[in-house]
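Next comes data_11.csv, with CSV, C-alpha atoms and all ligand atoms.
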chain,number,residue,atom,x,y,z
Z,1286,MET,CA,190.8,41.1,69.2
Z,1287,ARG,CA,189.2,42.5,72.3
Z,1288,THR,CA,185.7,43.9,71.7
Z,1289,GLN,CA,185.5,47.5,72.8
Z,1290,ILE,CA,182.3,48.2,74.7
Z,1291,PRO,CA,181.4,51.7,73.5
Z,1292,CYS,CA,181.2,54.3,76.3
Z,1293,ASN,CA,177.8,55.4,75.1
Z,1294,PHE,CA,176.5,51.8,75.5
Z,1295,LEU,CA,177.6,51.8,79.2
Z,1296,GLN,CA,176.1,55.2,79.8
Z,1297,GLY,CA,172.9,54.0,78.2
Z,1298,ILE,CA,172.7,51.0,80.5
Z,1299,LEU,CA,173.4,53.3,83.5
Z,1300,PHE,CA,170.7,55.8,82.4
Z,1301,LEU,CA,168.2,52.9,81.9
Z,1302,PHE,CA,169.1,51.6,85.4
Z,1303,MET,CA,168.6,55.0,87.0
Z,1304,LYS,CA,165.3,55.4,85.2
Z,1305,LEU,CA,164.1,52.0,86.4
Z,1306,LYS,CA,165.2,52.8,89.9
Z,1307,THR,CA,163.1,56.1,89.9
Z,1308,LEU,CA,160.2,54.3,88.3
Z,1309,PHE,CA,160.4,51.6,91.0
Z,1310,LYS,CA,160.5,54.2,93.8
Z,1311,LYS,CA,157.5,56.0,92.3
Z,1312,THR,CA,155.5,52.7,91.8
Z,1313,LYS,CA,156.4,51.7,95.4
Z,1314,LYS,CA,155.0,55.1,96.7
Z,1315,ILE,CA,151.8,54.8,94.6
Z,1316,PHE,CA,151.4,51.2,95.8
Z,1317,LEU,CA,151.9,52.2,99.5
Z,1318,ASP,CA,149.7,55.3,99.2
Z,1319,LEU,CA,147.0,53.2,97.6
Z,1320,PHE,CA,147.0,50.3,100.0
Z,1321,PHE,CA,148.5,51.8,103.1
Z,1322,PRO,CA,147.5,55.5,102.9
Z,1323,ILE,CA,149.0,57.8,105.5
Z,1324,ASN,CA,146.4,60.2,107.0
Z,1325,CYS,CA,147.0,62.7,109.7
Z,1326,LEU,CA,145.8,61.2,113.0
Z,1327,GLY,CA,144.3,64.5,113.9
Z,1328,CYS,CA,142.4,65.8,110.9
Z,1329,GLY,CA,142.7,63.0,108.4
Z,1330,LYS,CA,144.7,65.1,105.8
Z,1331,PHE,CA,146.6,62.9,103.4
Z,1332,ASP,CA,150.4,62.2,103.5
Z,1333,GLN,CA,151.6,62.9,107.0
Z,1334,TRP,CA,150.9,61.1,110.3
Z,1335,ILE,CA,150.6,64.4,112.1
Z,1336,CYS,CA,150.1,67.4,109.8
Z,1337,ASP,CA,151.8,70.7,110.6
Z,1338,ASP,CA,148.5,72.3,111.8
Z,1339,CYS,CA,147.7,69.4,114.1
Z,1340,HIS,CA,151.2,69.4,115.4
Z,1341,LYS,CA,150.8,72.9,116.6
Z,1342,THR,CA,147.9,71.8,118.8
Z,1343,PHE,CA,150.1,69.5,121.0
Z,1344,PRO,CA,150.3,71.1,124.4
Z,1345,ILE,CA,153.8,71.8,125.8
Z,1346,LEU,CA,154.1,72.0,129.6
Z,1347,THR,CA,155.3,75.4,130.7
Z,1348,GLU,CA,155.9,74.3,134.3
Z,1349,GLN,CA,157.8,71.3,135.7
Z,1350,HIS,CA,157.1,69.6,139.0
Z,1351,CYS,CA,158.9,67.5,141.5
Z,1352,PRO,CA,158.3,63.9,140.3
Z,1353,ILE,CA,157.9,62.6,143.9
Z,1354,CYS,CA,155.4,65.0,145.5
Z,1355,GLU,CA,154.1,66.3,142.2
Z,1356,LYS,CA,153.3,69.6,143.9
Z,1357,GLU,CA,156.5,71.6,144.1
Z,1358,ILE,CA,157.4,73.5,141.0
Z,1359,THR,CA,161.1,73.0,140.1
Z,1360,GLN,CA,163.0,74.4,137.1
Z,1361,ASN,CA,163.6,71.2,135.1
Z,1362,GLY,CA,161.5,68.7,137.0
Z,1363,GLU,CA,164.1,68.2,139.7
Z,1364,VAL,CA,163.2,66.5,142.9
Z,1365,CYS,CA,162.3,69.3,145.4
Z,1366,LEU,CA,164.4,70.0,148.5
Z,1367,ASN,CA,161.7,68.7,150.8
Z,1368,CYS,CA,161.5,65.3,149.1
Z,1369,GLN,CA,165.3,65.1,149.0
Z,1370,LYS,CA,165.2,65.0,152.8
Z,1371,TYR,CA,163.1,61.9,152.9
Z,1372,TYR,CA,164.2,59.8,150.0
Z,1373,LYS,CA,167.6,58.6,148.7
Z,1374,ILE,CA,167.5,60.3,145.3
Z,1375,ASN,CA,169.2,58.5,142.3
Z,1376,LEU,CA,167.1,60.2,139.7
Z,1377,LYS,CA,167.7,64.0,139.9
Z,1378,GLY,CA,164.7,65.0,137.9
Z,1379,VAL,CA,162.1,64.1,135.3
Z,1380,PHE,CA,161.4,66.6,132.5
Z,1381,ILE,CA,157.9,66.1,131.1
Z,1382,ILE,CA,157.1,67.5,127.7
Z,1383,SER,CA,153.3,67.3,127.3
Z,1384,ILE,CA,150.0,66.1,128.6
Z,1385,TYR,CA,148.9,62.5,128.1
Z,1386,LYS,CA,145.2,63.3,128.3
Z,1387,ASP,CA,145.5,65.4,125.1
Z,1388,ALA,CA,143.5,63.2,122.7
Z,1389,LEU,CA,145.9,63.6,119.7
Z,1390,LEU,CA,149.0,62.9,121.8
Z,1391,LYS,CA,147.4,59.8,123.3
Z,1392,LYS,CA,146.4,58.6,119.9
Z,1393,SER,CA,149.9,59.3,118.4
Z,1394,ILE,CA,151.6,57.4,121.2
Z,1395,HIS,CA,149.2,54.5,120.8
Z,1396,HIS,CA,149.8,54.2,117.0
Z,1397,PHE,CA,153.6,54.6,117.6
Z,1398,LYS,CA,153.8,51.8,120.2
Z,1399,TYR,CA,150.9,49.4,119.5
Z,1400,LYS,CA,150.3,49.9,115.8
Z,1401,PHE,CA,154.1,49.8,115.2
Z,1402,ILE,CA,154.3,53.0,113.2
Z,1403,GLU,CA,157.9,54.0,113.9
Z,1404,LYS,CA,157.6,57.1,111.7
Z,1405,ILE,CA,155.5,58.8,114.4
Z,1406,SER,CA,158.7,59.1,116.3
Z,1407,GLU,CA,159.5,62.1,114.0
Z,1408,PRO,CA,156.7,64.4,115.0
Z,1409,LEU,CA,157.0,63.3,118.6
Z,1410,ALA,CA,160.7,64.1,118.6
Z,1411,LEU,CA,160.0,67.5,117.1
Z,1412,LEU,CA,157.6,68.2,120.0
Z,1413,ILE,CA,160.4,67.3,122.4
Z,1414,ALA,CA,162.8,69.5,120.6
Z,1415,GLN,CA,160.4,72.4,120.7
Z,1416,ALA,CA,159.9,72.0,124.5
Z,1417,LEU,CA,163.6,71.8,125.1
Z,1418,GLN,CA,164.2,74.9,123.0
Z,1419,ASN,CA,162.1,76.9,125.4
Z,1420,SER,CA,163.7,75.4,128.5
Z,1421,GLU,CA,166.9,75.7,130.4
Z,1422,HIS,CA,167.4,71.9,130.7
Z,1423,PRO,CA,171.1,71.1,131.2
Z,1424,ILE,CA,172.9,69.4,128.4
Z,1425,PRO,CA,173.9,65.8,129.3
Z,1426,ASP,CA,177.0,63.9,128.3
Z,1427,LEU,CA,175.1,60.9,127.2
Z,1428,ILE,CA,171.6,59.9,126.2
Z,1429,ILE,CA,170.3,56.4,127.1
Z,1430,PRO,CA,167.0,55.4,125.7
Z,1431,VAL,CA,165.2,53.1,128.3
Z,1432,PRO,CA,165.9,49.7,126.8
Z,1433,LEU,CA,163.4,47.0,125.9
Z,1434,HIS,CA,163.8,43.3,126.6
Z,1435,LYS,CA,164.9,41.6,123.4
Z,1436,GLN,CA,161.6,39.7,123.1
Z,1437,ARG,CA,159.6,42.9,123.3
Z,1438,LEU,CA,162.0,44.5,120.8
Z,1439,ARG,CA,161.4,41.6,118.4
Z,1440,TRP,CA,157.6,42.0,118.9
Z,1441,ARG,CA,157.6,45.7,118.2
Z,1442,GLY,CA,160.4,45.8,115.7
Z,1443,PHE,CA,162.0,48.9,117.2
Z,1444,ASN,CA,162.6,50.5,120.6
Z,1445,GLN,CA,160.3,53.5,120.7
Z,1446,SER,CA,162.6,55.3,123.2
Z,1447,GLU,CA,165.6,54.8,120.9
Z,1448,SER,CA,163.7,56.0,117.8
Z,1449,LEU,CA,162.7,59.2,119.8
Z,1450,ALA,CA,166.3,59.7,120.9
Z,1451,ARG,CA,167.6,59.3,117.3
Z,1452,ASP,CA,165.0,61.5,115.7
Z,1453,LEU,CA,165.6,64.1,118.4
Z,1454,ASP,CA,169.1,64.4,117.0
Z,1455,LEU,CA,170.7,66.4,119.8
Z,1456,LYS,CA,174.3,65.6,118.6
Z,1457,ILE,CA,174.9,63.9,122.0
Z,1458,PRO,CA,176.1,60.3,122.0
Z,1459,ILE,CA,173.2,57.8,122.3
Z,1460,VAL,CA,174.3,54.8,124.3
Z,1461,THR,CA,172.5,51.5,123.7
Z,1462,ASN,CA,175.1,49.0,124.6
Z,1463,SER,CA,175.3,49.6,128.3
Z,1464,LEU,CA,172.0,49.7,130.2
Z,1465,ILE,CA,170.4,46.3,129.3
Z,1466,ARG,CA,167.0,44.9,130.2
Z,1467,LYS,CA,167.5,41.3,131.2
Z,1468,ASN,CA,164.1,40.0,132.3
Z,1469,ASN,CA,161.0,40.3,130.3
Z,1470,THR,CA,159.0,42.0,133.1
Z,1471,ILE,CA,155.2,42.2,133.1
Z,1472,PRO,CA,154.2,45.7,132.0
Z,1473,GLN,CA,154.3,48.1,135.0
Z,1474,VAL,CA,150.8,49.2,134.2
Z,1475,LYS,CA,149.5,45.8,135.2
Z,1476,MET,CA,151.1,46.0,138.6
Z,1477,LYS,CA,148.8,46.8,141.6
Z,1478,ASN,CA,151.1,48.6,144.0
Z,1479,ARG,CA,154.6,50.1,144.3
Z,1480,LYS,CA,155.9,47.0,146.2
Z,1481,GLN,CA,154.8,44.7,143.3
Z,1482,ARG,CA,156.3,47.1,140.8
Z,1483,LEU,CA,159.6,47.2,142.5
Z,1484,GLU,CA,159.7,43.4,142.9
Z,1485,ASN,CA,158.8,43.0,139.2
Z,1486,LEU,CA,161.7,45.3,138.2
Z,1487,ASN,CA,164.2,44.0,140.7
Z,1488,ASP,CA,167.2,42.7,138.7
Z,1489,ALA,CA,165.4,43.6,135.5
Z,1490,PHE,CA,168.3,45.8,134.3
Z,1491,CYS,CA,172.1,45.4,134.3
Z,1492,VAL,CA,174.9,47.6,133.1
Z,1493,GLU,CA,177.5,46.4,130.6
Z,1494,ASN,CA,180.5,48.4,129.7
Z,1495,PRO,CA,180.3,50.5,132.9
Z,1496,GLU,CA,183.4,52.5,131.8
Z,1497,ILE,CA,181.1,54.4,129.4
Z,1498,ILE,CA,178.8,55.5,132.2
Z,1499,LYS,CA,181.4,56.5,134.8
Z,1500,ASN,CA,181.5,60.2,135.8
Z,1501,LYS,CA,178.9,61.0,133.1
Z,1502,LYS,CA,175.8,63.1,133.2
Z,1503,ILE,CA,173.1,60.9,131.8
Z,1504,LEU,CA,169.7,61.7,130.3
Z,1505,LEU,CA,167.3,58.7,130.1
Z,1506,ILE,CA,164.7,59.0,127.4
Z,1507,ASP,CA,161.4,57.2,127.6
Z,1508,ASP,CA,158.1,57.7,125.8
Z,1509,ILE,CA,155.7,57.8,128.8
Z,1510,ILE,CA,156.1,57.5,132.5
Z,1511,THR,CA,153.5,55.3,134.3
Z,1512,THR,CA,154.8,55.3,137.9
Z,1513,GLY,CA,158.4,56.3,137.6
Z,1514,THR,CA,159.6,53.0,139.0
Z,1515,THR,CA,161.3,52.0,135.8
Z,1516,LEU,CA,163.2,55.3,135.6
Z,1517,SER,CA,164.2,55.1,139.3
Z,1518,VAL,CA,165.5,51.5,138.9
Z,1519,CYS,CA,167.5,52.5,135.9
Z,1520,ALA,CA,168.9,55.6,137.7
Z,1521,LYS,CA,169.9,53.5,140.7
Z,1522,ILE,CA,171.9,51.0,138.7
Z,1523,LEU,CA,173.6,53.7,136.6
Z,1524,LYS,CA,174.6,55.6,139.8
Z,1525,GLN,CA,175.9,52.3,141.3
Z,1526,VAL,CA,178.4,52.0,138.4
Z,1527,GLY,CA,179.5,55.6,138.9
Z,1528,ALA,CA,177.2,57.9,136.8
Z,1529,GLU,CA,177.6,61.5,138.0
Z,1530,GLU,CA,174.0,62.4,137.5
Z,1531,VAL,CA,170.9,60.8,136.0
Z,1532,ARG,CA,167.9,62.7,134.8
Z,1533,ALA,CA,165.0,61.6,132.6
Z,1534,LEU,CA,162.9,63.0,129.8
Z,1535,VAL,CA,159.6,61.7,128.9
Z,1536,ILE,CA,156.8,62.8,126.5
Z,1537,ALA,CA,154.1,62.5,129.1
Z,1538,TRP,CA,153.0,61.1,132.5
Z,1539,GLU,CA,150.3,58.5,131.9
V,1601,ZN,ZN,146.1,67.2,110.8
V,1602,ZN,ZN,158.8,67.0,146.1

Translate the structure of the given file into structure tokens.
Amino acid sequence: MRTQIPCNFLQGILFLFMKLKTLFKKTKKIFLDLFFPINCLGCGKFDQWICDDCHKTFPILTEQHCPICEKEITQNGEVCLNCQKYYKINLKGVFIISIYKDALLKKSIHHFKYKFIEKISEPLALLIAQALQNSEHPIPDLIIPVPLHKQRLRWRGFNQSESLARDLDLKIPIVTNSLIRKNNTIPQVKMKNRKQRLENLNDAFCVENPEIIKNKKILLIDDIITTGTTLSVCAKILKQVGAEEVRALVIAWE
């Protein structure tokens, strides 16, 4: 005779399991709060990396400039007409959100990238969203976070540009399987001049699945811009495979 397991018994087990799960979650939170407390990078308040009050202090740029001459004001950081006369332009414009010398922004980016706190991407993405809301930036077809070389990705554990793009949540496809970083280049910040920087980046990127890119308006997303060389090189290679337009968005100019 088969033993019937009473329904109440199964419900009891399930109830106990759910209770244990909740208890585990609570214990995990208590443990993390105790040993790895989260304090606001601005004021030290407990429980958020950037509290709401400190988030409000992040500056948002109200004017965008041509990324080449850095003088001419253009609507969305497009290259100005004068600079277009002298340079072959692959990157149509660079939209800059905030000011790097703001102490809290600088600290946030540092913790995000070099203390590996991926969660800081959320308040930074919120800042980007707020800046975009007050702008007339055109809507792209695709978003491409500037890729990291796989070694650097392994070192950091995440690609900061990709985290920003995902948390920004613009409901626009985010493409990460097309623009690829091949060589583990020396960080651009260590390069002395433009020639060195260009040589360093030469052949650093390639495009796979070019059909995704063809005839598309692309927005590259990066955390900070140092010289603009990386973005220019990315734009060039994307245009070579048929992108209709390439723009970039960054949190700040270092
Ligand atoms: Zn705070
Ligand atoms: Zn210009």

For chain Z against ligand ZN 1602 (chain V), with a cut-off of 8 Å and counting all atoms listed in the file, what is the closest atom pair and its distance in Å to one decimal for every residue that makes the cut, ordered by chain and number, as JSON lines?
{"residue": "Z:His1350", "atom": "CA", "partner": "V:ZN1602", "partner_atom": "ZN", "distance": 7.7}
{"residue": "Z:Cys1351", "atom": "CA", "partner": "V:ZN1602", "partner_atom": "ZN", "distance": 4.6}
{"residue": "Z:Pro1352", "atom": "CA", "partner": "V:ZN1602", "partner_atom": "ZN", "distance": 6.6}
{"residue": "Z:Ile1353", "atom": "CA", "partner": "V:ZN1602", "partner_atom": "ZN", "distance": 5.0}
{"residue": "Z:Cys1354", "atom": "CA", "partner": "V:ZN1602", "partner_atom": "ZN", "distance": 4.0}
{"residue": "Z:Glu1355", "atom": "CA", "partner": "V:ZN1602", "partner_atom": "ZN", "distance": 6.1}
{"residue": "Z:Lys1356", "atom": "CA", "partner": "V:ZN1602", "partner_atom": "ZN", "distance": 6.5}
{"residue": "Z:Glu1357", "atom": "CA", "partner": "V:ZN1602", "partner_atom": "ZN", "distance": 5.5}
{"residue": "Z:Val1364", "atom": "CA", "partner": "V:ZN1602", "partner_atom": "ZN", "distance": 5.5}
{"residue": "Z:Cys1365", "atom": "CA", "partner": "V:ZN1602", "partner_atom": "ZN", "distance": 4.2}
{"residue": "Z:Leu1366", "atom": "CA", "partner": "V:ZN1602", "partner_atom": "ZN", "distance": 6.8}
{"residue": "Z:Asn1367", "atom": "CA", "partner": "V:ZN1602", "partner_atom": "ZN", "distance": 5.8}
{"residue": "Z:Cys1368", "atom": "CA", "partner": "V:ZN1602", "partner_atom": "ZN", "distance": 4.4}
{"residue": "Z:Gln1369", "atom": "CA", "partner": "V:ZN1602", "partner_atom": "ZN", "distance": 7.4}

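Minimum atom-to-atom distances from Z:Phe1294, Z:Leu1305, Z:Asp1332, Z:Phe1320 to ligand ZN 1601 (chain V) were compared using only C-alpha atoms and all ligand atoms, and the lowest value belongs to Z:Asp1332.
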
Taking only residues of chain Z that have an atom at most 12 Å from an atom of ligand ZN 1601 (chain V), what is each one's shortest atom pair and its distance in Å to one decimal, using all atoms listed in the file, in chain and number order, as CSV?
residue,atom,partner,partner_atom,distance
Z:Ile1323,CA,V:ZN1601,ZN,11.2
Z:Asn1324,CA,V:ZN1601,ZN,8.0
Z:Cys1325,CA,V:ZN1601,ZN,4.7
Z:Leu1326,CA,V:ZN1601,ZN,6.4
Z:Gly1327,CA,V:ZN1601,ZN,4.5
Z:Cys1328,CA,V:ZN1601,ZN,4.0
Z:Gly1329,CA,V:ZN1601,ZN,5.9
Z:Lys1330,CA,V:ZN1601,ZN,5.6
Z:Phe1331,CA,V:ZN1601,ZN,8.6
Z:Asp1332,CA,V:ZN1601,ZN,9.8
Z:Gln1333,CA,V:ZN1601,ZN,7.9
Z:Trp1334,CA,V:ZN1601,ZN,7.8
Z:Ile1335,CA,V:ZN1601,ZN,5.5
Z:Cys1336,CA,V:ZN1601,ZN,4.1
Z:Asp1337,CA,V:ZN1601,ZN,6.7
Z:Asp1338,CA,V:ZN1601,ZN,5.7
Z:Cys1339,CA,V:ZN1601,ZN,4.3
Z:His1340,CA,V:ZN1601,ZN,7.2
Z:Lys1341,CA,V:ZN1601,ZN,9.4
Z:Thr1342,CA,V:ZN1601,ZN,9.4
Z:Phe1343,CA,V:ZN1601,ZN,11.2
Z:Leu1389,CA,V:ZN1601,ZN,9.6
Z:Ser1393,CA,V:ZN1601,ZN,11.6
Z:Pro1408,CA,V:ZN1601,ZN,11.7

With C-alpha atoms retained, write the just-selected residues as a compact mmCIF listing (two decimals), in the frame of the given file.
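Ended up saving to part29.txt:
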# COMPACT_ATOMS: atom_id res chain seq x y z
CA ILE Z 1323 149.00 57.80 105.50
CA ASN Z 1324 146.40 60.20 107.00
CA CYS Z 1325 147.00 62.70 109.70
CA LEU Z 1326 145.80 61.20 113.00
CA GLY Z 1327 144.30 64.50 113.90
CA CYS Z 1328 142.40 65.80 110.90
CA GLY Z 1329 142.70 63.00 108.40
CA LYS Z 1330 144.70 65.10 105.80
CA PHE Z 1331 146.60 62.90 103.40
CA ASP Z 1332 150.40 62.20 103.50
CA GLN Z 1333 151.60 62.90 107.00
CA TRP Z 1334 150.90 61.10 110.30
CA ILE Z 1335 150.60 64.40 112.10
CA CYS Z 1336 150.10 67.40 109.80
CA ASP Z 1337 151.80 70.70 110.60
CA ASP Z 1338 148.50 72.30 111.80
CA CYS Z 1339 147.70 69.40 114.10
CA HIS Z 1340 151.20 69.40 115.40
CA LYS Z 1341 150.80 72.90 116.60
CA THR Z 1342 147.90 71.80 118.80
CA PHE Z 1343 150.10 69.50 121.00
CA LEU Z 1389 145.90 63.60 119.70
CA SER Z 1393 149.90 59.30 118.40
CA PRO Z 1408 156.70 64.40 115.00

* Asked: Between CA of Thr1511 (chain Z) and CA of Ala1489 (chain Z), what is the spacing in Å?
  ->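 Separating CA of Ala1489 (chain Z) from CA of Thr1511 (chain Z) is a distance of 16.7 Å.
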
* To do: Find the distance between CA of Gln1349 (chain Z) and CA of Ile1381 (chain Z) and write it in Å to one decimal.
  => 6.9 Å

* To do: In Å, rounded to a single decimal, give me how far CA of Val1379 (chain Z) is from CA of Asn1468 (chain Z).
  =>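 CA of Val1379 (chain Z) lies at a distance of 24.4 Å from CA of Asn1468 (chain Z).
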
* Asked: Which residue out of Z:Ile1522, Z:Leu1412, Z:Ile1382, Z:Ile1459 has the minimum interatomic distance to Leu1504 (chain Z) when all atoms listed in the file are used?
  ->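 Comparing Z:Ile1522, Z:Leu1412, Z:Ile1382, Z:Ile1459 against Leu1504 (chain Z), the winner is Z:Ile1459.
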